[in-house]
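Text of the file upload31.cif, holding mmCIF, C-alpha atoms and all ligand atoms:
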```cif
data_upload
#
loop_
_atom_site.label_atom_id
_atom_site.label_comp_id
_atom_site.auth_asym_id
_atom_site.auth_seq_id
_atom_site.Cartn_x
_atom_site.Cartn_y
_atom_site.Cartn_z
CA MET A 1 69.67 128.02 52.93
CA LYS A 2 72.90 129.94 53.45
CA LYS A 3 74.35 128.63 56.68
CA SER A 4 76.32 131.77 57.51
CA VAL A 5 73.19 133.93 57.41
CA LEU A 6 71.39 131.67 59.83
CA GLU A 7 74.15 131.56 62.40
CA ASN A 8 72.78 134.31 64.66
CA PHE A 9 69.23 133.01 64.61
CA ARG A 10 68.12 131.46 67.90
CA ARG A 11 64.64 132.70 68.70
CA VAL A 12 62.62 134.17 65.85
CA VAL A 13 59.19 135.79 65.65
CA ILE A 14 57.62 135.53 62.20
CA LYS A 15 54.64 137.73 61.40
CA ILE A 16 52.36 136.65 58.60
CA GLY A 17 49.77 139.10 57.39
CA SER A 18 46.28 138.49 56.11
CA SER A 19 47.23 139.11 52.49
CA LEU A 20 49.38 135.97 52.59
CA LEU A 21 47.05 133.74 54.55
CA ILE A 22 43.86 134.60 52.71
CA SER A 23 43.18 134.02 49.07
CA ASN A 24 39.70 134.43 47.57
CA ASN A 25 38.38 134.99 51.10
CA LYS A 26 39.58 131.54 52.16
CA PHE A 27 42.54 130.27 54.15
CA ASN A 28 45.38 129.78 51.67
CA THR A 29 46.37 126.18 52.56
CA ASN A 30 48.58 125.87 49.53
CA TRP A 31 50.81 128.76 50.53
CA PHE A 32 50.66 127.87 54.20
CA ASP A 33 51.88 124.30 53.66
CA SER A 34 54.96 125.70 51.93
CA PHE A 35 55.50 128.03 54.89
CA VAL A 36 55.28 125.05 57.27
CA ASP A 37 58.05 123.37 55.26
CA ASP A 38 60.19 126.47 55.84
CA ILE A 39 59.52 126.27 59.57
CA ILE A 40 60.71 122.67 59.58
CA LEU A 41 64.01 123.77 58.02
CA LEU A 42 64.49 126.38 60.74
CA ARG A 43 63.63 123.93 63.51
CA LYS A 44 66.16 121.46 62.17
CA ARG A 45 68.73 124.13 62.96
CA LYS A 46 67.40 124.34 66.54
CA ILE A 47 65.87 127.76 65.97
CA GLU A 48 62.88 128.53 68.19
CA ILE A 49 59.90 129.89 66.29
CA LEU A 50 56.92 131.99 67.26
CA ILE A 51 54.29 133.04 64.76
CA VAL A 52 52.21 136.20 64.92
CA VAL A 53 49.19 135.72 62.75
CA SER A 54 46.55 138.01 61.22
CA GLY A 55 43.38 137.43 59.30
CA ALA A 56 40.87 136.57 62.00
CA VAL A 57 38.59 139.52 61.24
CA SER A 58 38.80 139.03 57.50
CA LEU A 59 38.06 135.27 57.64
CA GLY A 60 35.26 135.86 60.16
CA LYS A 61 33.68 138.42 57.85
CA ASN A 62 33.45 135.85 55.13
CA TYR A 63 32.16 133.20 57.57
CA LEU A 64 29.38 135.56 58.71
CA LYS A 65 28.76 136.65 55.10
CA ILE A 66 29.29 140.34 55.86
CA ASN A 67 30.07 142.29 52.69
CA LYS A 68 30.68 145.87 53.76
CA THR A 69 34.23 147.19 54.28
CA LYS A 70 33.68 149.36 57.36
CA LEU A 71 32.63 147.29 60.35
CA LYS A 72 31.25 148.48 63.66
CA ILE A 73 33.36 147.48 66.64
CA PHE A 74 30.89 144.78 67.77
CA GLU A 75 30.80 143.31 64.28
CA LYS A 76 34.60 143.28 64.16
CA GLN A 77 34.74 141.53 67.54
CA ALA A 78 32.22 138.90 66.41
CA CYS A 79 34.13 138.36 63.15
CA ALA A 80 37.41 137.95 65.07
CA ALA A 81 35.83 135.37 67.40
CA CYS A 82 34.74 133.28 64.40
CA GLY A 83 37.79 133.87 62.23
CA GLN A 84 40.35 133.07 64.92
CA LEU A 85 38.90 129.58 65.15
CA ILE A 86 39.18 129.13 61.38
CA LEU A 87 42.79 130.30 61.51
CA MET A 88 43.76 127.94 64.31
CA ASN A 89 41.93 124.96 62.80
CA ASN A 90 43.95 125.41 59.64
CA PHE A 91 47.21 125.95 61.51
CA LYS A 92 46.65 122.80 63.55
CA LYS A 93 45.81 120.77 60.43
CA SER A 94 48.85 121.87 58.44
CA PHE A 95 51.33 121.63 61.32
CA GLU A 96 50.05 118.28 62.59
CA LYS A 97 50.60 116.76 59.15
CA LYS A 98 54.30 117.37 59.93
CA ASN A 99 54.07 116.31 63.58
CA ILE A 100 54.46 119.81 64.94
CA LYS A 101 52.28 121.05 67.77
CA VAL A 102 50.92 124.56 67.98
CA ALA A 103 49.25 126.60 70.72
CA GLN A 104 47.20 129.77 70.61
CA ILE A 105 47.96 132.92 72.60
CA LEU A 106 45.68 135.92 72.30
CA LEU A 107 47.06 139.14 73.77
CA THR A 108 45.41 142.46 74.45
CA PHE A 109 47.24 145.77 74.30
CA PHE A 110 47.08 145.77 78.09
CA ASP A 111 48.95 142.46 78.24
CA THR A 112 52.01 143.92 76.57
CA GLU A 113 51.85 147.45 77.94
CA ASN A 114 51.43 146.41 81.57
CA ARG A 115 54.73 145.21 82.97
CA ARG A 116 53.28 142.43 85.16
CA ASN A 117 51.04 141.07 82.40
CA SER A 118 53.89 141.17 79.92
CA LEU A 119 56.03 139.09 82.29
CA ASN A 120 53.18 136.60 82.68
CA SER A 121 52.86 136.25 78.92
CA ARG A 122 56.61 135.66 78.74
CA GLU A 123 56.37 132.81 81.25
CA THR A 124 53.65 131.07 79.24
CA ILE A 125 55.41 131.50 75.91
CA THR A 126 58.75 130.32 77.31
CA GLU A 127 57.08 127.23 78.75
CA LEU A 128 55.51 126.41 75.36
CA LEU A 129 58.88 126.76 73.66
CA LYS A 130 60.39 124.35 76.20
CA PHE A 131 57.75 121.82 75.11
CA LYS A 132 58.80 122.44 71.46
CA ILE A 133 55.39 123.86 70.67
CA ILE A 134 54.98 126.76 68.26
CA PRO A 135 53.09 129.61 69.94
CA VAL A 136 50.69 131.22 67.47
CA ILE A 137 49.87 134.73 68.62
CA ASN A 138 47.23 137.24 67.61
CA GLU A 139 45.69 140.26 69.21
CA ASN A 140 42.62 139.35 71.26
CA ASP A 141 40.40 141.25 68.83
CA SER A 142 37.13 139.85 70.17
CA VAL A 143 37.54 141.68 73.48
CA SER A 144 39.60 144.69 72.37
CA ILE A 145 38.11 148.05 71.51
CA ASP A 146 39.58 150.30 68.82
CA GLU A 147 40.96 152.96 71.18
CA LEU A 148 42.89 150.40 73.18
CA LYS A 149 44.41 148.06 70.69
CA PHE A 150 47.39 147.62 68.42
CA GLY A 151 45.18 147.28 65.37
CA ASP A 152 48.14 146.16 63.29
CA ASN A 153 50.01 142.99 64.08
CA ASP A 154 53.38 144.44 63.03
CA ARG A 155 53.79 146.35 66.29
CA LEU A 156 52.24 143.47 68.24
CA ALA A 157 54.92 141.20 66.77
CA ALA A 158 57.64 143.69 67.75
CA ARG A 159 56.35 143.91 71.28
CA VAL A 160 56.20 140.10 71.49
CA SER A 161 59.81 139.96 70.23
CA GLN A 162 60.87 142.33 72.99
CA ILE A 163 58.92 140.48 75.69
CA ILE A 164 60.37 137.07 74.89
CA GLY A 165 63.85 138.30 73.94
CA ALA A 166 63.81 137.23 70.27
CA ASP A 167 66.93 137.92 68.22
CA HIS A 168 65.09 138.28 64.90
CA LEU A 169 61.68 139.51 63.84
CA VAL A 170 60.65 138.56 60.31
CA LEU A 171 57.79 140.57 58.80
CA LEU A 172 56.55 138.78 55.71
CA SER A 173 55.12 141.36 53.37
CA ASP A 174 53.55 141.75 49.93
CA VAL A 175 56.62 143.74 48.84
CA ASP A 176 60.33 142.81 48.85
CA GLY A 177 61.25 145.23 51.62
CA LEU A 178 61.69 148.96 52.16
CA PHE A 179 62.19 150.91 48.95
CA THR A 180 63.34 154.50 48.52
CA SER A 181 59.69 155.25 47.73
CA ASN A 182 56.45 153.29 47.17
CA PRO A 183 57.30 150.58 44.55
CA LYS A 184 53.62 150.23 43.64
CA LYS A 185 53.51 153.85 42.49
CA ASN A 186 57.03 154.57 41.26
CA LYS A 187 59.13 152.63 38.79
CA LYS A 188 62.47 154.20 39.72
CA VAL A 189 62.89 152.85 43.21
CA GLU A 190 65.70 151.07 44.99
CA LEU A 191 65.52 148.42 47.67
CA ILE A 192 67.28 149.39 50.88
CA GLU A 193 69.12 146.30 52.02
CA GLU A 194 70.30 147.41 55.41
CA VAL A 195 69.06 150.03 57.86
CA ARG A 196 71.25 150.90 60.82
CA GLU A 197 68.87 153.37 62.40
CA VAL A 198 65.14 153.83 61.92
CA ASN A 199 65.11 157.63 61.80
CA GLU A 200 63.02 160.36 60.19
CA LYS A 201 64.71 159.89 56.81
CA ILE A 202 63.69 156.22 56.82
CA PHE A 203 60.12 157.00 57.92
CA LYS A 204 59.81 159.43 54.98
CA MET A 205 60.29 156.53 52.56
CA ALA A 206 57.28 154.65 53.86
CA SER A 207 53.72 155.07 52.80
CA ALA A 208 50.83 154.37 55.14
CA GLU A 209 49.06 152.48 52.34
CA THR A 210 47.77 149.06 53.29
CA ASN A 211 46.16 146.13 51.50
CA PHE A 212 42.54 145.02 51.44
CA HIS A 213 42.61 142.46 54.26
CA GLY A 214 45.10 143.86 56.73
CA THR A 215 45.59 147.03 58.69
CA GLY A 216 49.37 147.44 58.62
CA GLY A 217 51.44 149.03 55.84
CA MET A 218 55.12 149.91 55.51
CA LEU A 219 54.65 152.57 58.19
CA THR A 220 53.64 150.11 60.92
CA LYS A 221 56.46 147.81 59.79
CA LEU A 222 58.98 150.59 60.37
CA GLN A 223 57.46 151.33 63.77
CA ALA A 224 57.81 147.63 64.53
CA ALA A 225 61.45 147.62 63.38
CA GLU A 226 62.11 150.62 65.63
CA ILE A 227 60.63 148.88 68.70
CA ALA A 228 62.50 145.66 67.94
CA ALA A 229 65.82 147.47 67.39
CA GLY A 230 65.56 149.10 70.81
CA SER A 231 65.17 145.71 72.40
CA GLY A 232 68.18 144.16 70.73
CA CYS A 233 66.28 142.38 67.97
CA ASN A 234 67.01 142.62 64.22
CA THR A 235 64.07 142.94 61.85
CA ILE A 236 63.78 141.55 58.35
CA ILE A 237 61.12 142.67 55.90
CA CYS A 238 60.89 140.39 52.90
CA LYS A 239 58.45 139.13 50.34
CA GLY A 240 55.93 136.67 51.69
CA THR A 241 53.55 136.38 48.76
CA ILE A 242 55.53 133.57 47.20
CA LYS A 243 55.79 129.93 48.16
CA ASN A 244 58.51 129.03 50.71
CA PRO A 245 59.10 132.69 51.58
CA ILE A 246 61.57 132.04 54.41
CA LYS A 247 63.68 129.63 52.37
CA ASN A 248 63.64 132.14 49.55
CA TYR A 249 64.88 134.91 51.81
CA PHE A 250 67.71 132.82 53.20
CA ASN A 251 68.78 131.68 49.75
CA LYS A 252 68.82 135.12 48.18
CA CYS A 253 69.00 137.47 51.19
CA TYR A 254 66.82 139.85 49.21
CA GLY A 255 64.89 142.08 51.57
CA THR A 256 65.54 144.82 54.11
CA LYS A 257 67.39 144.10 57.31
CA PHE A 258 67.11 146.55 60.21
CA LEU A 259 69.95 146.13 62.66
CA SER A 260 69.29 146.15 66.38
CA ASN A 261 71.00 148.88 68.35
CA ASN A 262 70.95 147.16 71.72
CA LYS A 263 71.43 150.44 73.51
CA TYR A 264 69.05 149.92 76.41
CA GLY A 265 70.83 147.30 78.54
CA THR A 266 68.40 145.76 81.05
CA SER A 267 65.23 144.02 79.92
CA PHE A 268 63.19 146.48 81.96
CA LYS A 269 64.68 149.39 80.01
CA LYS A 270 63.97 147.53 76.78
CA TRP A 271 60.36 147.14 77.86
CA ILE A 272 60.16 150.89 78.52
CA ALA A 273 61.74 151.64 75.14
CA GLY A 274 59.07 149.57 73.39
CA ALA A 275 56.14 151.01 75.35
CA ILE A 276 53.49 152.31 72.98
CA ASN A 277 50.99 153.61 75.49
CA VAL A 278 52.51 156.79 76.89
CA MET A 279 50.06 158.26 79.41
CA GLY A 280 51.41 161.79 79.87
CA THR A 281 54.41 164.09 79.65
CA LEU A 282 56.77 165.97 81.94
CA ILE A 283 58.24 169.19 80.60
CA LEU A 284 61.75 169.51 82.03
CA ASP A 285 64.02 172.53 82.36
CA ASP A 286 67.46 172.64 80.73
CA GLY A 287 69.29 171.88 83.98
CA ALA A 288 67.25 168.71 84.53
CA ILE A 289 67.98 167.57 80.98
CA ARG A 290 71.71 168.17 81.37
CA ALA A 291 71.62 166.13 84.59
CA LEU A 292 69.60 163.36 82.90
CA LYS A 293 72.22 163.07 80.15
CA LYS A 294 74.86 162.60 82.84
CA GLY A 295 72.87 159.70 84.30
CA ALA A 296 70.74 161.41 86.98
CA SER A 297 67.11 160.72 87.91
CA ILE A 298 64.24 163.18 87.43
CA LEU A 299 63.65 165.21 90.59
CA PRO A 300 60.68 167.51 91.32
CA SER A 301 62.92 170.60 91.10
CA GLY A 302 63.55 170.17 87.34
CA ILE A 303 59.90 169.84 86.31
CA GLU A 304 58.38 172.88 84.61
CA ASN A 305 55.03 171.44 83.61
CA ILE A 306 52.87 168.31 83.44
CA ILE A 307 50.68 167.25 80.54
CA GLY A 308 47.92 164.64 80.91
CA THR A 309 46.54 162.63 83.80
CA PHE A 310 48.56 159.60 84.80
CA PHE A 311 49.22 157.41 87.78
CA LYS A 312 52.15 155.82 89.62
CA GLY A 313 53.57 153.01 87.47
CA ASP A 314 52.48 154.50 84.12
CA VAL A 315 54.97 155.10 81.31
CA ILE A 316 55.30 158.83 80.61
CA SER A 317 57.47 160.82 78.21
CA PHE A 318 59.81 163.75 78.90
CA LYS A 319 60.19 166.83 76.72
CA ASN A 320 62.38 169.89 76.85
CA LEU A 321 61.00 173.45 76.93
CA ASN A 322 60.83 173.49 73.10
CA GLY A 323 58.66 170.38 73.03
CA LYS A 324 61.43 168.05 71.83
CA ASN A 325 61.06 164.44 72.99
CA ILE A 326 63.90 163.50 75.35
CA GLY A 327 62.88 160.04 76.52
CA LYS A 328 60.39 158.09 78.61
CA GLY A 329 60.16 156.25 81.89
CA VAL A 330 57.96 154.91 84.67
CA THR A 331 56.63 157.52 87.07
CA TYR A 332 56.69 157.01 90.82
CA TYR A 333 54.05 159.70 91.46
CA ASP A 334 50.57 160.44 90.07
CA SER A 335 50.26 163.57 87.88
CA LYS A 336 48.09 165.14 90.62
CA GLU A 337 50.95 164.79 93.12
CA ILE A 338 53.60 166.04 90.70
CA LYS A 339 51.55 169.21 90.16
CA ILE A 340 51.97 169.91 93.90
CA ILE A 341 55.69 169.12 94.21
CA LYS A 342 57.01 170.38 90.84
CA GLY A 343 59.77 172.95 91.10
CA ARG A 344 60.36 172.10 94.78
CA LYS A 345 63.14 170.28 96.60
CA SER A 346 62.79 166.53 97.27
CA SER A 347 63.21 167.26 100.99
CA GLU A 348 59.88 169.14 100.85
CA ILE A 349 57.88 166.17 99.50
CA LYS A 350 56.75 164.97 102.94
CA LYS A 351 55.52 168.42 103.95
CA LEU A 352 53.75 169.02 100.64
CA LEU A 353 52.09 165.62 100.14
CA GLY A 354 51.64 164.60 103.73
CA TYR A 355 53.65 161.41 103.39
CA GLU A 356 57.21 160.40 102.65
CA GLY A 357 57.72 159.05 99.13
CA ARG A 358 60.81 158.64 96.99
CA ASP A 359 63.05 161.60 96.23
CA GLU A 360 62.86 160.91 92.48
CA ILE A 361 59.83 161.33 90.25
CA VAL A 362 61.41 158.92 87.76
CA HIS A 363 64.42 156.93 88.93
CA ARG A 364 67.42 156.68 86.56
CA ASP A 365 66.97 152.87 86.38
CA TYR A 366 63.38 153.36 85.25
CA LEU A 367 63.99 155.61 82.26
CA ILE A 368 65.50 155.65 78.80
CA LEU A 369 66.77 158.63 76.82
CA ASN A 370 66.52 159.19 73.09
CA GLU A 371 69.75 159.75 71.20
N1 LIG A 401 44.48 141.10 64.44
C1 LIG A 401 43.84 141.33 63.18
C2 LIG A 401 43.18 140.05 62.67
O1 LIG A 401 43.56 138.95 63.03
C3 LIG A 401 44.79 141.75 62.10
C4 LIG A 401 45.58 142.96 62.30
C5 LIG A 401 46.49 143.22 61.06
O2 LIG A 401 46.01 143.14 59.95
O3 LIG A 401 47.69 143.46 61.23
O4 LIG A 401 42.29 140.15 61.86
#
```
Please, can you express the file's structure as structure tokens?
Ligand code: GLU
Amino acid sequence: MKKSVLENFRRVVIKIGSSLLISNNKFNTNWFDSFVDDIILLRKRKIEILIVVSGAVSLGKNYLKINKTKLKIFEKQACAACGQLILMNNFKKSFEKKNIKVAQILLTFFDTENRRNSLNSRETITELLKFKIIPVINENDSVSIDELKFGDNDRLAARVSQIIGADHLVLLSDVDGLFTSNPKKNKKVELIEEVREVNEKIFKMASAETNFHGTGGMLTKLQAAEIAAGSGCNTIICKGTIKNPIKNYFNKCYGTKFLSNNKYGTSFKKWIAGAINVMGTLILDDGAIRALKKGASILPSGIENIIGTFFKGDVISFKNLNGKNIGKGVTYYDSKEIKIIKGRKSSEIKKLLGYEGRDEIVHRDYLILNE
């Protein structure tokens, strides 16, 4: 492995999708053992590793001998409960052969999107890393319902990277990286080796197409890279469907690297930047937006309208009068209260609501602005 490339790697989240782990409906031990060898090489360089794993539903489907493609939510949950066990049994077997210990962490969407739960998960994961154990993370599919879940493990992996402060997120894929257009459909495509900003132009290159076992495609990988970048973490997309995929990447450096932008400072702001579950929106007037850009908080006087029902502590977005997204932050007031105080002075809050709250609807330390 090229030493220079590995220099900035300290804490790395590696996401392996179902298409790599499953072959002929069975756990692909052959491939996985080669992956474990790669992990050993990284650990020799004192790099901390976390793995985000997929395939529980797919393996469970085979275990329960279910043939249809579209599963009802209860069937999916039952499959995940069975398949997760198969996954972990195989992980434990392959890692223990090399004297490495693993632990399982199953997270719900709520665990990453709720600030307190996300901090709790961080404590557990950090403790495991101290013990030199590899945390193996999946979504808790057996208790999650479709409306309230990640669904794809790409964004889960990005959110985990943000929560534990990883410096690199590696998304092992069935393609070499991001191409100018879908390499499975077009011959004349070019691999993009480095992306400095995940913007609209980049999103246009991705197709939402996914493989048979998994739910993510290039689109969810780009969303993941965007979340990770905002939290100061680089993302690498490279080919995983070969043996020793990590070693291969570090030898050839063939893949797409998305550079982190590290623009959000505090870890709380990074958490806000990565929030997926936005509960509502404030429409702000031009004066409020000008003030925001100069570093002010959001006050009741600058709010023109409120969309959605949300509560104190929820992450909400802000838009200008033309509907353009300006940023997001944590609200101090419920939407019901903001409807009463919008357009008014902060000094009137006590009179209008019957109690004295903060002057700001969203404090400047609790918000992030888009470029
Ligand atoms: N969590 C799902 C599983 O283990 C996979 C989601 C994905 O394919 O990204 O089956």
Point to revise | Test item: residues at most 8 Å from Asn305 of chain A, only C-alpha atoms, excluding those fewer than 4 positions along its chain, as a list in words | key: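 So the residues in contact are Leu282, Ile283, Leu284, Lys339 and Lys342 of chain A.
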Write the residues you've just listed into a file as a PDB file, in the frame of the given file, and include C-alpha atoms for each of them.
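New file selection-v3.pdb:
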```
ATOM      1  CA  LEU A 282      56.770 165.970  81.940  1.00  0.00           C
ATOM      2  CA  ILE A 283      58.240 169.190  80.600  1.00  0.00           C
ATOM      3  CA  LEU A 284      61.750 169.510  82.030  1.00  0.00           C
ATOM      4  CA  LYS A 339      51.550 169.210  90.160  1.00  0.00           C
ATOM      5  CA  LYS A 342      57.010 170.380  90.840  1.00  0.00           C
TER       6      LYS A 342
END
```
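Closest approach to Ala206 of chain A from the set A:Val362, A:Val189, A:Leu178, A:Ile39 is made by A:Leu178, with distances taken over only C-alpha atoms.
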Would you mind listing, for every residue of segment 204-271 of chain A within 10 Å of segment 153-159 of chain A, the two atoms forming the shortest contact and the distance between them in Å to one decimal, using all atoms listed in the file, sorted by chain and ascending residue number, as JSON lines?
```
{"residue": "A:Gly214", "atom": "CA", "partner": "A:Asn153", "partner_atom": "CA", "distance": 8.9}
{"residue": "A:Thr215", "atom": "CA", "partner": "A:Asn153", "partner_atom": "CA", "distance": 8.1}
{"residue": "A:Gly216", "atom": "CA", "partner": "A:Asp154", "partner_atom": "CA", "distance": 6.7}
{"residue": "A:Gly217", "atom": "CA", "partner": "A:Asp154", "partner_atom": "CA", "distance": 8.7}
{"residue": "A:Met218", "atom": "CA", "partner": "A:Asp154", "partner_atom": "CA", "distance": 9.5}
{"residue": "A:Leu219", "atom": "CA", "partner": "A:Asp154", "partner_atom": "CA", "distance": 9.5}
{"residue": "A:Thr220", "atom": "CA", "partner": "A:Asp154", "partner_atom": "CA", "distance": 6.1}
{"residue": "A:Lys221", "atom": "CA", "partner": "A:Asp154", "partner_atom": "CA", "distance": 5.6}
{"residue": "A:Leu222", "atom": "CA", "partner": "A:Asp154", "partner_atom": "CA", "distance": 8.7}
{"residue": "A:Gln223", "atom": "CA", "partner": "A:Arg155", "partner_atom": "CA", "distance": 6.7}
{"residue": "A:Ala224", "atom": "CA", "partner": "A:Arg155", "partner_atom": "CA", "distance": 4.6}
{"residue": "A:Ala225", "atom": "CA", "partner": "A:Ala158", "partner_atom": "CA", "distance": 7.0}
{"residue": "A:Glu226", "atom": "CA", "partner": "A:Ala158", "partner_atom": "CA", "distance": 8.5}
{"residue": "A:Ile227", "atom": "CA", "partner": "A:Ala158", "partner_atom": "CA", "distance": 6.1}
{"residue": "A:Ala228", "atom": "CA", "partner": "A:Ala158", "partner_atom": "CA", "distance": 5.2}
{"residue": "A:Ala229", "atom": "CA", "partner": "A:Ala158", "partner_atom": "CA", "distance": 9.0}
{"residue": "A:Ser231", "atom": "CA", "partner": "A:Arg159", "partner_atom": "CA", "distance": 9.1}
{"residue": "A:Cys233", "atom": "CA", "partner": "A:Ala158", "partner_atom": "CA", "distance": 8.7}
{"residue": "A:Thr235", "atom": "CA", "partner": "A:Ala158", "partner_atom": "CA", "distance": 8.8}
{"residue": "A:Trp271", "atom": "CA", "partner": "A:Arg159", "partner_atom": "CA", "distance": 8.4}
```
Exercise for review: Go through A:Glu48, A:Asp176, A:Asp141, A:Glu75 and flag the residue nearest ligand LIG 401 (chain A), using all atoms listed in the file for the distances.
Suggested key: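 Closest residue, counting all atoms listed in the file: A:Asp141.
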Point to revise | Counting only C-alpha atoms, the option among A:Gly327, A:Gly60, A:Gly295, A:Pro245 closest to Ile368 of chain A | key: A:Gly327
Review point. Hey, can you check how far atom CA of Ala288 of chain A sits from atom CA of Leu352 of chain A?
Key: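 It comes out at 21.0 Å.
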Exercise for review: Check which residues fall inside 10 Å of ligand LIG 401 (chain A) when counting all atoms listed in the file, and print them as number ranges by chain.
Suggested key: A: 15-19, 52-61, 76-77, 79-81, 83-84, 87, 106-107, 137-142, 144, 149-157, 210-217, 220-221
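The interatomic distance for the pair atom CA of Leu299 of chain A and atom CA of Arg116 of chain A works out to 25.6 Å.
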Review point. In Å to one decimal, how far is atom CA of Ile49 of chain A from atom CA of Arg10 of chain A?
Key: 8.5 Å
**Study point:** Nearest candidate to Lys130 of chain A (options A:Met279, A:Lys46, A:Lys247, A:Lys98; using all atoms listed in the file)
**Key:**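 For Lys130 of chain A, the nearest of the candidates is A:Lys46.
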Point to revise | Surrounding residues of Val175 of chain A excluding itself and chain neighbours under 4 positions, 8 Å, only C-alpha atoms, as an MDAnalysis selection string | key: chainID A and resid 238:241
Output C-alpha atoms of each residue in that selection to a file, as a PDB file, keeping the file's coordinate frame.
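Dumped everything to again-v1.pdb:
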```
ATOM      1  CA  CYS A 238      60.890 140.390  52.900  1.00  0.00           C
ATOM      2  CA  LYS A 239      58.450 139.130  50.340  1.00  0.00           C
ATOM      3  CA  GLY A 240      55.930 136.670  51.690  1.00  0.00           C
ATOM      4  CA  THR A 241      53.550 136.380  48.760  1.00  0.00           C
TER       5      THR A 241
END
```
**Study point:** Shortest interatomic distance to Leu367 of chain A - which of A:Arg115, A:Lys263, A:His168, A:Lys328, counting all atoms listed in the file
**Key:** A:Lys328
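Take the candidates A:Lys204, A:Lys243, A:Lys72, A:Lys185 and check each one against Asp33 of chain A using all atoms listed in the file; the shortest distance goes to A:Lys243.
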Review point. Could you pull the residues within 7 Å of Ser297 of chain A, counting all atoms listed in the file, minus those fewer than 5 positions along the same chain, as a list in words?
Key: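 Counting only the stated atoms, we get Leu292, Glu360, Val362, His363 and Arg364 of chain A.
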